[in-house]
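Raw contents of query_36.txt, compact mmCIF, C-alpha atoms:
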# COMPACT_ATOMS: atom_id res chain seq x y z
CA MET A 169 -21.26 -18.97 -12.87
CA LYS A 170 -23.32 -15.79 -13.27
CA THR A 171 -21.92 -12.79 -11.41
CA GLU A 172 -24.62 -10.66 -9.75
CA ILE A 173 -24.18 -6.89 -9.34
CA ILE A 174 -25.86 -5.36 -6.30
CA LYS A 175 -25.73 -1.62 -5.63
CA THR A 176 -25.36 -0.26 -2.10
CA THR A 177 -27.97 2.35 -3.09
CA ASP A 178 -30.55 -0.38 -3.85
CA VAL A 179 -33.82 0.30 -1.96
CA HIS A 180 -33.71 -3.33 -0.85
CA TRP A 181 -30.08 -3.13 0.36
CA LYS A 182 -30.91 -4.46 3.84
CA GLU A 183 -32.37 -7.63 2.33
CA LYS A 184 -29.58 -7.91 -0.23
CA VAL A 185 -26.99 -7.77 2.58
CA LYS A 186 -28.47 -10.97 4.05
CA HIS A 187 -28.20 -12.67 0.66
CA LEU A 188 -24.58 -11.52 0.26
CA GLY A 189 -23.78 -12.80 3.74
CA GLU A 190 -25.14 -16.23 2.84
CA ILE A 191 -22.87 -16.37 -0.21
CA ILE A 192 -19.82 -15.86 2.04
CA ARG A 193 -20.97 -18.33 4.70
CA ASN A 194 -21.53 -20.91 1.95
CA GLY A 195 -17.96 -20.51 0.71
CA GLY A 196 -18.63 -18.17 -2.21
CA LEU A 197 -16.83 -14.99 -3.31
CA VAL A 198 -18.12 -11.40 -3.33
CA ALA A 199 -16.24 -8.33 -4.58
CA PHE A 200 -16.80 -5.32 -2.34
CA PRO A 201 -16.09 -1.57 -2.33
CA THR A 202 -13.87 0.22 0.17
CA GLU A 203 -12.48 3.74 0.37
CA THR A 204 -9.24 2.45 -1.18
CA VAL A 205 -9.94 -0.06 -3.99
CA TYR A 206 -12.43 -2.88 -4.57
CA GLY A 207 -11.65 -6.10 -2.70
CA LEU A 208 -12.32 -9.73 -3.62
CA GLY A 209 -13.94 -11.19 -0.52
CA GLY A 210 -14.29 -14.66 0.94
CA ASN A 211 -14.56 -16.22 4.39
CA GLY A 212 -11.13 -15.55 5.87
CA LEU A 213 -11.47 -18.47 8.29
CA ASN A 214 -12.29 -20.98 5.55
CA PRO A 215 -9.17 -22.43 3.85
CA GLU A 216 -11.18 -23.44 0.79
CA ALA A 217 -12.55 -19.90 0.34
CA SER A 218 -9.02 -18.50 0.47
CA LYS A 219 -7.95 -21.03 -2.17
CA LYS A 220 -10.85 -19.85 -4.36
CA ILE A 221 -9.65 -16.24 -4.00
CA TYR A 222 -6.13 -17.19 -5.13
CA ALA A 223 -7.60 -19.14 -8.06
CA ALA A 224 -9.93 -16.31 -9.16
CA LYS A 225 -7.05 -13.81 -9.12
CA GLY A 226 -4.45 -16.18 -10.55
CA ARG A 227 -2.42 -15.19 -7.50
CA PRO A 228 0.41 -17.24 -5.91
CA SER A 229 -0.72 -18.70 -2.58
CA ASP A 230 2.36 -17.47 -0.65
CA ASN A 231 1.12 -13.88 -0.97
CA PRO A 232 -0.93 -13.22 2.20
CA LEU A 233 -4.48 -11.85 2.26
CA ILE A 234 -5.85 -8.96 4.36
CA LEU A 235 -8.69 -9.74 6.76
CA HIS A 236 -11.44 -7.10 6.88
CA VAL A 237 -13.48 -6.65 10.06
CA SER A 238 -16.50 -4.48 10.88
CA SER A 239 -15.15 -3.22 14.22
CA GLN A 240 -12.16 -3.29 16.59
CA GLU A 241 -14.01 -5.75 18.82
CA GLU A 242 -13.61 -8.50 16.20
CA VAL A 243 -9.79 -8.38 16.27
CA SER A 244 -9.11 -10.10 19.62
CA ARG A 245 -10.46 -13.48 18.45
CA LEU A 246 -8.03 -13.42 15.51
CA VAL A 247 -4.74 -12.30 17.11
CA GLU A 248 -2.48 -13.37 19.98
CA ASP A 249 -2.35 -9.92 21.58
CA ILE A 250 -2.72 -6.20 20.88
CA THR A 251 0.06 -3.81 21.91
CA PRO A 252 -0.71 -0.32 23.29
CA LEU A 253 0.72 1.23 20.10
CA GLU A 254 -1.50 -0.96 17.90
CA LYS A 255 -4.51 0.11 19.97
CA LYS A 256 -3.58 3.78 19.52
CA LEU A 257 -3.36 3.30 15.75
CA MET A 258 -6.73 1.53 15.60
CA ASP A 259 -8.33 4.32 17.67
CA ALA A 260 -6.80 6.96 15.40
CA PHE A 261 -7.29 5.47 11.94
CA TRP A 262 -10.11 2.90 12.08
CA PRO A 263 -12.43 2.72 10.28
CA GLY A 264 -10.05 3.75 7.51
CA PRO A 265 -7.23 2.83 5.13
CA LEU A 266 -4.75 1.42 7.67
CA THR A 267 -3.89 -2.29 7.83
CA ILE A 268 -2.03 -3.60 10.89
CA VAL A 269 0.00 -6.84 10.97
CA PHE A 270 -0.52 -8.90 14.15
CA PRO A 271 0.69 -12.32 15.35
CA LYS A 272 -2.21 -14.61 14.46
CA LYS A 273 -4.15 -17.21 16.38
CA ASP A 274 -4.60 -20.68 14.90
CA ILE A 275 -8.19 -19.80 13.97
CA VAL A 276 -6.70 -17.94 10.98
CA PRO A 277 -5.66 -20.63 8.47
CA ASP A 278 -2.30 -20.66 6.73
CA GLU A 279 -4.14 -20.45 3.42
CA THR A 280 -5.24 -16.94 4.42
CA SER A 281 -1.94 -15.79 5.95
CA GLY A 282 0.18 -17.11 3.08
CA GLY A 283 1.89 -19.49 5.48
CA LEU A 284 3.02 -16.68 7.81
CA LYS A 285 2.53 -16.63 11.59
CA THR A 286 1.07 -13.15 11.26
CA VAL A 287 -2.18 -11.77 9.85
CA ALA A 288 -2.94 -8.35 8.35
CA ILE A 289 -6.23 -6.78 9.49
CA ARG A 290 -8.14 -3.61 8.71
CA CYS A 291 -11.57 -2.06 9.24
CA PRO A 292 -12.78 -0.31 6.05
CA ALA A 293 -14.42 3.11 6.22
CA LEU A 294 -17.42 2.45 3.94
CA LYS A 295 -20.48 1.94 6.16
CA ALA A 296 -22.29 -0.37 3.72
CA THR A 297 -19.25 -2.65 3.56
CA ARG A 298 -19.01 -2.84 7.35
CA GLU A 299 -22.74 -3.69 7.50
CA TRP A 300 -22.11 -6.56 5.09
CA ILE A 301 -19.06 -7.85 6.99
CA LYS A 302 -21.05 -7.83 10.23
CA GLU A 303 -23.86 -9.78 8.53
CA CYS A 304 -21.34 -12.36 7.27
CA GLY A 305 -20.32 -13.11 10.86
CA VAL A 306 -16.71 -13.85 9.81
CA PRO A 307 -13.70 -11.71 8.84
CA ILE A 308 -13.49 -11.18 5.09
CA ALA A 309 -10.25 -12.09 3.33
CA GLY A 310 -9.97 -9.54 0.56
CA PRO A 311 -7.12 -8.74 -1.83
CA SER A 312 -7.82 -6.31 -4.67
CA ALA A 313 -10.51 -7.60 -7.04
CA ASN A 314 -8.44 -7.90 -10.19
CA ILE A 315 -6.44 -10.53 -12.05
CA SER A 316 -3.08 -10.68 -10.29
CA GLY A 317 -0.55 -8.24 -11.72
CA ARG A 318 -3.12 -5.91 -13.29
CA PRO A 319 -4.02 -2.46 -11.95
CA SER A 320 -6.32 -2.56 -8.92
CA PRO A 321 -9.98 -1.74 -9.67
CA THR A 322 -11.58 1.46 -8.38
CA THR A 323 -15.05 0.87 -9.91
CA ALA A 324 -17.46 -2.07 -10.06
CA GLU A 325 -17.18 -1.96 -13.87
CA SER A 326 -13.44 -2.63 -13.66
CA VAL A 327 -14.08 -5.55 -11.31
CA LEU A 328 -16.62 -7.02 -13.70
CA HIS A 329 -14.10 -6.80 -16.55
CA ASP A 330 -11.70 -9.12 -14.70
CA MET A 331 -14.04 -11.20 -12.55
CA ASN A 332 -17.22 -11.76 -14.58
CA GLY A 333 -18.09 -15.46 -14.25
CA ARG A 334 -15.30 -16.08 -11.71
CA ILE A 335 -17.17 -14.89 -8.58
CA ASN A 336 -20.72 -14.94 -7.24
CA ALA A 337 -21.43 -11.23 -6.82
CA ILE A 338 -20.12 -7.67 -6.91
CA ILE A 339 -21.25 -5.00 -4.44
CA ASP A 340 -21.35 -1.73 -6.41
CA GLY A 341 -20.57 1.19 -4.10
CA GLY A 342 -19.53 3.60 -6.85
CA ALA A 343 -16.01 4.89 -7.49
CA THR A 344 -13.58 4.56 -4.59
CA ASP A 345 -12.41 7.66 -2.76
CA ILE A 346 -8.65 7.23 -2.28
CA GLY A 347 -7.85 4.96 -5.22
CA LEU A 348 -4.74 3.35 -3.66
CA GLU A 349 -4.68 0.30 -1.41
CA SER A 350 -4.39 0.71 2.36
CA THR A 351 -1.18 1.47 4.22
CA ILE A 352 0.20 -1.69 5.85
CA VAL A 353 2.21 -1.39 9.07
CA SER A 354 3.47 -3.39 12.01
CA ALA A 355 3.61 -1.73 15.42
CA ARG A 356 5.66 -4.14 17.49
CA SER A 357 8.82 -3.35 19.48
CA GLY A 358 7.69 0.23 20.10
CA LYS A 359 7.95 1.55 16.53
CA ILE A 360 5.84 1.70 13.38
CA VAL A 361 7.21 -0.05 10.27
CA ILE A 362 5.55 0.70 6.92
CA TYR A 363 5.41 -2.41 4.73
CA ARG A 364 3.18 -0.83 2.08
CA PRO A 365 2.55 2.94 1.85
CA GLY A 366 -0.98 4.18 1.22
CA GLY A 367 -3.55 6.79 2.20
CA ILE A 368 -2.30 6.96 5.80
CA THR A 369 1.07 8.61 5.24
CA ARG A 370 4.26 8.30 7.27
CA GLU A 371 3.80 11.96 8.26
CA MET A 372 0.41 11.08 9.76
CA LEU A 373 1.79 8.01 11.53
CA SER A 374 4.73 9.93 13.01
CA ALA A 375 2.33 11.61 15.46
CA TYR A 376 2.05 8.21 17.22
CA GLY A 377 5.63 7.01 17.33
CA GLU A 378 8.89 6.44 15.48
CA VAL A 379 8.22 5.50 11.84
CA GLU A 380 10.46 3.39 9.61
CA VAL A 381 9.90 2.45 5.95
CA ASP A 382 10.67 -1.22 5.39
CA LYS A 383 13.71 -1.70 3.16
CA GLY A 384 11.89 -4.48 1.31
CA LEU A 385 9.78 -1.85 -0.48
CA ALA A 386 12.64 -1.19 -2.85
CA SER A 387 13.49 -4.81 -3.59
CA PRO A 388 11.76 -6.98 -6.21
CA ASN A 389 13.04 -10.20 -4.56
CA MET A 390 11.94 -9.95 -0.92
CA HIS A 391 9.99 -12.54 1.07
CA PRO A 392 6.43 -11.21 1.51
CA LEU A 393 6.06 -10.01 5.12
CA ALA A 394 2.66 -8.47 4.36
CA PRO A 395 0.04 -8.47 1.57
CA GLY A 396 0.97 -6.78 -1.70
CA MET A 397 4.74 -6.88 -1.19
CA LYS A 398 5.64 -9.62 -3.64
CA TYR A 399 5.54 -9.97 -7.45
CA ARG A 400 4.99 -7.37 -10.12
CA HIS A 401 1.78 -5.46 -9.53
CA TYR A 402 -0.42 -2.91 -11.25
CA ALA A 403 1.16 -3.41 -14.66
CA PRO A 404 -0.55 -2.11 -17.81
CA THR A 405 -0.15 -4.16 -20.99
CA ALA A 406 2.54 -1.90 -22.48
CA PRO A 407 5.89 -1.43 -20.70
CA LEU A 408 6.04 1.66 -18.48
CA THR A 409 9.03 3.89 -17.71
CA VAL A 410 8.64 6.63 -15.09
CA TYR A 411 10.74 9.80 -14.93
CA VAL A 412 11.26 11.74 -11.69
CA GLY A 413 13.52 14.46 -10.33
CA ASP A 414 14.18 17.95 -11.67
CA THR A 415 10.95 19.19 -13.31
CA GLU A 416 12.63 20.92 -16.26
CA LYS A 417 14.82 17.91 -17.05
CA VAL A 418 11.85 15.54 -16.77
CA GLU A 419 9.84 17.72 -19.17
CA GLN A 420 12.69 17.81 -21.70
CA THR A 421 13.14 14.03 -21.57
CA ILE A 422 9.43 13.28 -21.96
CA LEU A 423 9.08 15.76 -24.83
CA SER A 424 11.98 14.04 -26.63
CA PHE A 425 9.81 10.93 -27.06
CA ALA A 426 7.24 12.97 -28.98
CA GLU A 427 9.85 13.43 -31.71
CA LYS A 428 10.61 9.72 -32.04
CA LYS A 429 8.99 7.65 -34.79
CA ASP A 430 10.27 4.19 -33.78
CA LYS A 431 7.06 3.23 -31.91
CA THR A 432 3.78 4.59 -30.61
CA TYR A 433 4.18 6.18 -27.18
CA GLY A 434 1.52 6.87 -24.58
CA TYR A 435 1.96 9.47 -21.85
CA PHE A 436 0.87 9.15 -18.22
CA VAL A 437 1.63 12.65 -16.99
CA SER A 438 0.53 15.77 -15.12
CA GLU A 439 -1.78 18.43 -16.59
CA GLU A 440 1.23 20.73 -16.92
CA MET A 441 3.18 18.12 -18.92
CA ALA A 442 0.16 17.17 -21.02
CA ALA A 443 -0.21 20.77 -22.16
CA LEU A 444 3.28 20.61 -23.72
CA LEU A 445 2.69 17.41 -25.70
CA PRO A 446 1.34 17.27 -29.27
CA LYS A 447 -2.44 17.40 -29.55
CA ASP A 448 -2.58 13.99 -31.28
CA ALA A 449 -0.54 12.20 -28.57
CA VAL A 450 -2.14 9.38 -26.55
CA VAL A 451 -2.24 11.05 -23.13
CA PHE A 452 -3.78 10.33 -19.74
CA SER A 453 -3.41 13.22 -17.30
CA TRP A 454 -3.36 12.34 -13.62
CA GLY A 455 -4.02 15.94 -12.58
CA LYS A 456 -2.05 18.94 -11.36
CA ARG A 457 1.43 18.41 -9.94
CA SER A 458 0.32 20.16 -6.77
CA SER A 459 -2.40 17.56 -6.05
CA GLN A 460 -1.03 14.17 -5.03
CA LYS A 461 -4.54 13.26 -3.82
CA GLU A 462 -5.86 13.62 -7.37
CA MET A 463 -2.93 11.65 -8.75
CA ALA A 464 -3.54 8.82 -6.26
CA HIS A 465 -7.24 8.79 -7.07
CA ARG A 466 -6.61 8.53 -10.83
CA LEU A 467 -3.54 6.29 -10.76
CA PHE A 468 -5.10 2.90 -11.47
CA SER A 469 -7.71 4.22 -13.91
CA GLY A 470 -4.83 5.84 -15.79
CA LEU A 471 -2.90 2.58 -16.04
CA LEU A 472 -6.07 0.82 -17.24
CA TYR A 473 -6.60 3.59 -19.82
CA PHE A 474 -3.62 2.35 -21.80
CA ASN A 475 -5.09 -1.15 -22.00
CA ALA A 476 -8.12 0.37 -23.74
CA HIS A 477 -5.92 2.70 -25.85
CA PRO A 478 -3.04 0.42 -26.91
CA VAL A 479 0.46 1.85 -27.34
CA ASP A 480 3.91 0.27 -27.69
CA ALA A 481 5.36 1.97 -24.60
CA ILE A 482 4.16 4.29 -21.83
CA ILE A 483 6.20 7.28 -20.66
CA GLY A 484 5.25 8.32 -17.13
CA GLU A 485 5.88 11.35 -14.96
CA GLY A 486 6.36 10.65 -11.26
CA THR A 487 6.02 12.77 -8.16
CA SER A 488 7.94 13.58 -4.96
CA MET A 489 8.29 11.07 -2.12
CA ASP A 490 6.59 13.14 0.56
CA GLY A 491 3.02 12.56 1.80
CA LEU A 492 1.00 10.40 -0.59
CA GLY A 493 3.98 10.46 -2.96
CA LEU A 494 5.58 7.52 -1.16
CA ALA A 495 2.51 5.36 -1.92
CA ILE A 496 2.16 6.66 -5.48
CA MET A 497 5.80 6.00 -6.33
CA ASN A 498 5.59 2.55 -4.71
CA ARG A 499 2.76 1.62 -7.09
CA LEU A 500 4.47 3.16 -10.13
CA THR A 501 7.69 1.35 -9.23
CA LYS A 502 5.88 -1.99 -9.27
CA ALA A 503 3.84 -1.10 -12.38
CA SER A 504 7.03 -0.25 -14.27
CA GLY A 505 8.89 -3.35 -13.12
CA TYR A 506 11.24 -1.09 -11.09
CA HIS A 507 12.05 1.03 -14.16
CA ILE A 508 12.29 4.49 -12.59
CA ILE A 509 14.64 7.00 -14.21
CA VAL A 510 15.95 9.75 -11.90
CA GLU A 511 16.76 12.97 -13.73
CA SER A 512 18.40 14.57 -10.70
CA THR A 513 20.69 12.76 -8.24
CA GLN A 514 19.80 15.40 -5.63
CA ASP A 515 16.67 13.34 -4.90
CA ARG A 516 18.57 10.63 -3.06
CA GLU A 517 15.50 8.79 -1.80
CA TYR A 518 14.43 8.03 -5.38
CA LEU A 519 17.64 6.12 -5.97
CA HIS A 520 16.40 3.26 -3.81
CA TYR A 521 13.65 2.73 -6.38
CA SER A 522 15.49 3.36 -9.63
CA VAL A 523 16.83 1.20 -12.39
CA HIS A 524 19.02 3.06 -14.90

So that I can check it, write out the structure of this file as structure tokens.
Amino acid sequence: MKTEIIKTTDVHWKEKVKHLGEIIRNGGLVAFPTETVYGLGGNGLNPEASKKIYAAKGRPSDNPLILHVSSQEEVSRLVEDITPLEKKLMDAFWPGPLTIVFPKKDIVPDETSGGLKTVAIRCPALKATREWIKECGVPIAGPSANISGRPSPTTAESVLHDMNGRINAIIDGGATDIGLESTIVSARSGKIVIYRPGGITREMLSAYGEVEVDKGLASPNMHPLAPGMKYRHYAPTAPLTVYVGDTEKVEQTILSFAEKKDKTYGYFVSEEMAALLPKDAVVFSWGKRSSQKEMAHRLFSGLLYFNAHPVDAIIGEGTSMDGLGLAIMNRLTKASGYHIIVESTQDREYLHYSVH
């Protein structure tokens, strides 16, 4: 199979959208850009298309897929009902990086929902992507467009690296804006439960009701209640250990690895930490400590950097758990196989994620 690449800036985009819609209606797969990461799209109402998505990713079929729609109006045909709180969240954050888990209608096949009686739905912010979804005439099932377990792609080039020859086409919309997958919530029983943190933070959600972070986020052995909750994700080739807590203690610990000669270490750290490391060290800086937005944006490209610049082990510097930090630390926890080292027990919330 030859994988086409079609840019959203193509002067013939309107015509290309029709072609891309036909691919989906005929059961094919198309990778597509969103404001979060690139998705791997197929007809979410076609069991065989969902099976093709799992096969292309090498992903277990009990891990549910997110359905992408072009507008709120498309949701009612897919779900049993919409609560007032769910409607408030859609009005506030759609189009955007919020995924909501609803009880599904039978029109959504088990192959898409991972065997669950619920379905996760979102409306992406990128206008070109919504135009394409509307042209398809069906909701698009779309996990991240990477081989399962690898860092999620934030550029079309990264998608091509994993999916060339596995899928029919890639829509190239440039680099993604946020760089982390969407926030996944449920909004039943009068409260908001975060199953996967993302660009819509718990602080933002708290304006609309009581917010609770699902305890399953900290467990590697939970049943998947929503997409992206199960199995090791985002992992670079080399093992990753992430240090968090007191800044001075974290700096001292990370610098101690620069003195070791037992193996080649890579460093996934802030600009401030990078400035302290030897000039010949293999370093990827995720930005200033004060900018979680920059860290989120560069997170997956940083993990992929160490696949292109091989090392024996990666030493990472984490961030706080407020704002985007909850989402960032969730991804680093999974990327490290739950190997988070807390340098200060004052940060109690970190302890739910740590392995010492």

**Item:** Using all atoms listed in the file: which of A:Leu467, A:Val327, A:Ile338, A:Ala355 has the shortest distance to A:Ile268
**Value:** A:Ala355

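Residues lying within 12 Å of A:Asp480, counting all atoms listed in the file and ignoring same-chain neighbours fewer than 4 positions away, are Pro404, Thr405, Ala406, Pro407, Leu408, Thr409, Lys429, Asp430, Lys431, Thr432, Tyr433, Gly434, Tyr435, Val450, Phe474 and Asn475 of chain A.
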
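Across the structure, atom CA of A:Val247 and atom CA of A:Val269 are spaced 9.5 Å apart.
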
**One-decimal distance in Å that lies between atom CA of A:Asp490 and atom CA of A:Gly317** =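 Result for atom CA of A:Gly317 versus atom CA of A:Asp490: 25.7 Å, one decimal.
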
**Asked** Leaving out A:Gly341 and any residue of its chain fewer than 2 positions from it, which residues lie within 9 Å of it when counting all atoms listed in the file, given as a PyMOL selection string?
**Response** chain A and resi 174-177+200-202+294+296-297+323-324+339+343-344

**Complete:** Residue with the minimum atom-to-atom distance to A:His507, picked from A:Ser488, A:Gly189, A:Ser458, A:Val412 with all atoms listed in the file counted, is A:Val412

Tell me which protein, DNA and RNA residues are within 12 Å of A:Thr415, counting only C-alpha atoms, leaving out same-chain ones fewer than 2 positions away, and put them as a short mmCIF file (atom, residue, chain, number, x, y, z; two decimals) with C-alpha atoms, in the coordinates of the input.
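Output saved as selection.cif:
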data_model
loop_
_atom_site.label_atom_id
_atom_site.label_comp_id
_atom_site.auth_asym_id
_atom_site.auth_seq_id
_atom_site.Cartn_x
_atom_site.Cartn_y
_atom_site.Cartn_z
CA TYR A 411 10.74 9.80 -14.93
CA VAL A 412 11.26 11.74 -11.69
CA GLY A 413 13.52 14.46 -10.33
CA LYS A 417 14.82 17.91 -17.05
CA VAL A 418 11.85 15.54 -16.77
CA GLU A 419 9.84 17.72 -19.17
CA GLN A 420 12.69 17.81 -21.70
CA THR A 421 13.14 14.03 -21.57
CA ILE A 422 9.43 13.28 -21.96
CA VAL A 437 1.63 12.65 -16.99
CA SER A 438 0.53 15.77 -15.12
CA GLU A 440 1.23 20.73 -16.92
CA MET A 441 3.18 18.12 -18.92
CA ARG A 457 1.43 18.41 -9.94
CA GLU A 485 5.88 11.35 -14.96
CA GLY A 486 6.36 10.65 -11.26
CA THR A 487 6.02 12.77 -8.16
CA SER A 488 7.94 13.58 -4.96
CA VAL A 510 15.95 9.75 -11.90
CA GLU A 511 16.76 12.97 -13.73
CA SER A 512 18.40 14.57 -10.70
CA ASP A 515 16.67 13.34 -4.90
#

**Prompt:** Interatomic distance between atom CA of A:Lys502 and atom CA of A:Tyr363?
**Reply:** 14.0 Å

**Message:** as a PyMOL selection string, please: the residues near A:Tyr222 (cut-off 12 Å, only C-alpha atoms, same-chain neighbours under 3 positions excluded).
**Reply:** chain A and resi 197+208-210+215-219+225-233+279-282+309-316+334-335

**Message:** Need the shell around A:Ile250: protein/DNA/RNA residues with any atom at most 10 Å away, counting only C-alpha atoms. Skip same-chain ones fewer than 3 positions apart. Format as a list in words?
**Reply:** Val243, Ser244, Val247, Leu253, Glu254, Lys255, Phe270, Pro271, Ala355 and Arg356 of chain A

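If you measure from each of A:Ala464, A:Ile289, A:Val198, A:Val185 to A:Lys302 using only C-alpha atoms, the closest one turns out to be A:Val185.
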
**Request:** Identify the residues around (-16.7, -10.1, 8.5) within a radius of 9 Å, measuring from only C-alpha atoms in the coordinates stated by the file, and give them as a PyMOL selection string.
**Result:** chain A and resi 189+211-212+235-238+242+298-309

**Fill in**
Min atom-atom distance to A:Ile508 from the set A:Met169, A:Ile483, A:Val287, A:Val451, counting all atoms listed in the file, belongs to A:Ile483

**Request:** Could you pull out every residue with an atom within 7 Å of (3.4, 12.3, 4.7), file coordinates, counting all atoms listed in the file, and send them as a VMD selection string?
**Result:** chain A and resid 369 to 372 490 to 492

**Item:** Residue nearest A:Ala403 among A:Arg364, A:Arg193, A:Arg318, A:Lys220 (counting all atoms listed in the file)
**Value:**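 Closest residue, counting all atoms listed in the file: A:Arg318.
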
What are the centre and edge lengths in Å, to one decimal, of the axis-aligned box around all listed atoms of stretch 362-374 of chain A with 3 Å added on each side, as AutoDock Vina command-line options?
--center_x 1.0 --center_y 4.8 --center_z 7.1 --size_x 15.1 --size_y 20.4 --size_z 17.8

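Residue nearest A:Ile509 within the list A:Ala443, A:Ile191, A:Met497, A:Ala224: A:Met497 [criterion: smallest interatomic distance, all atoms listed in the file].
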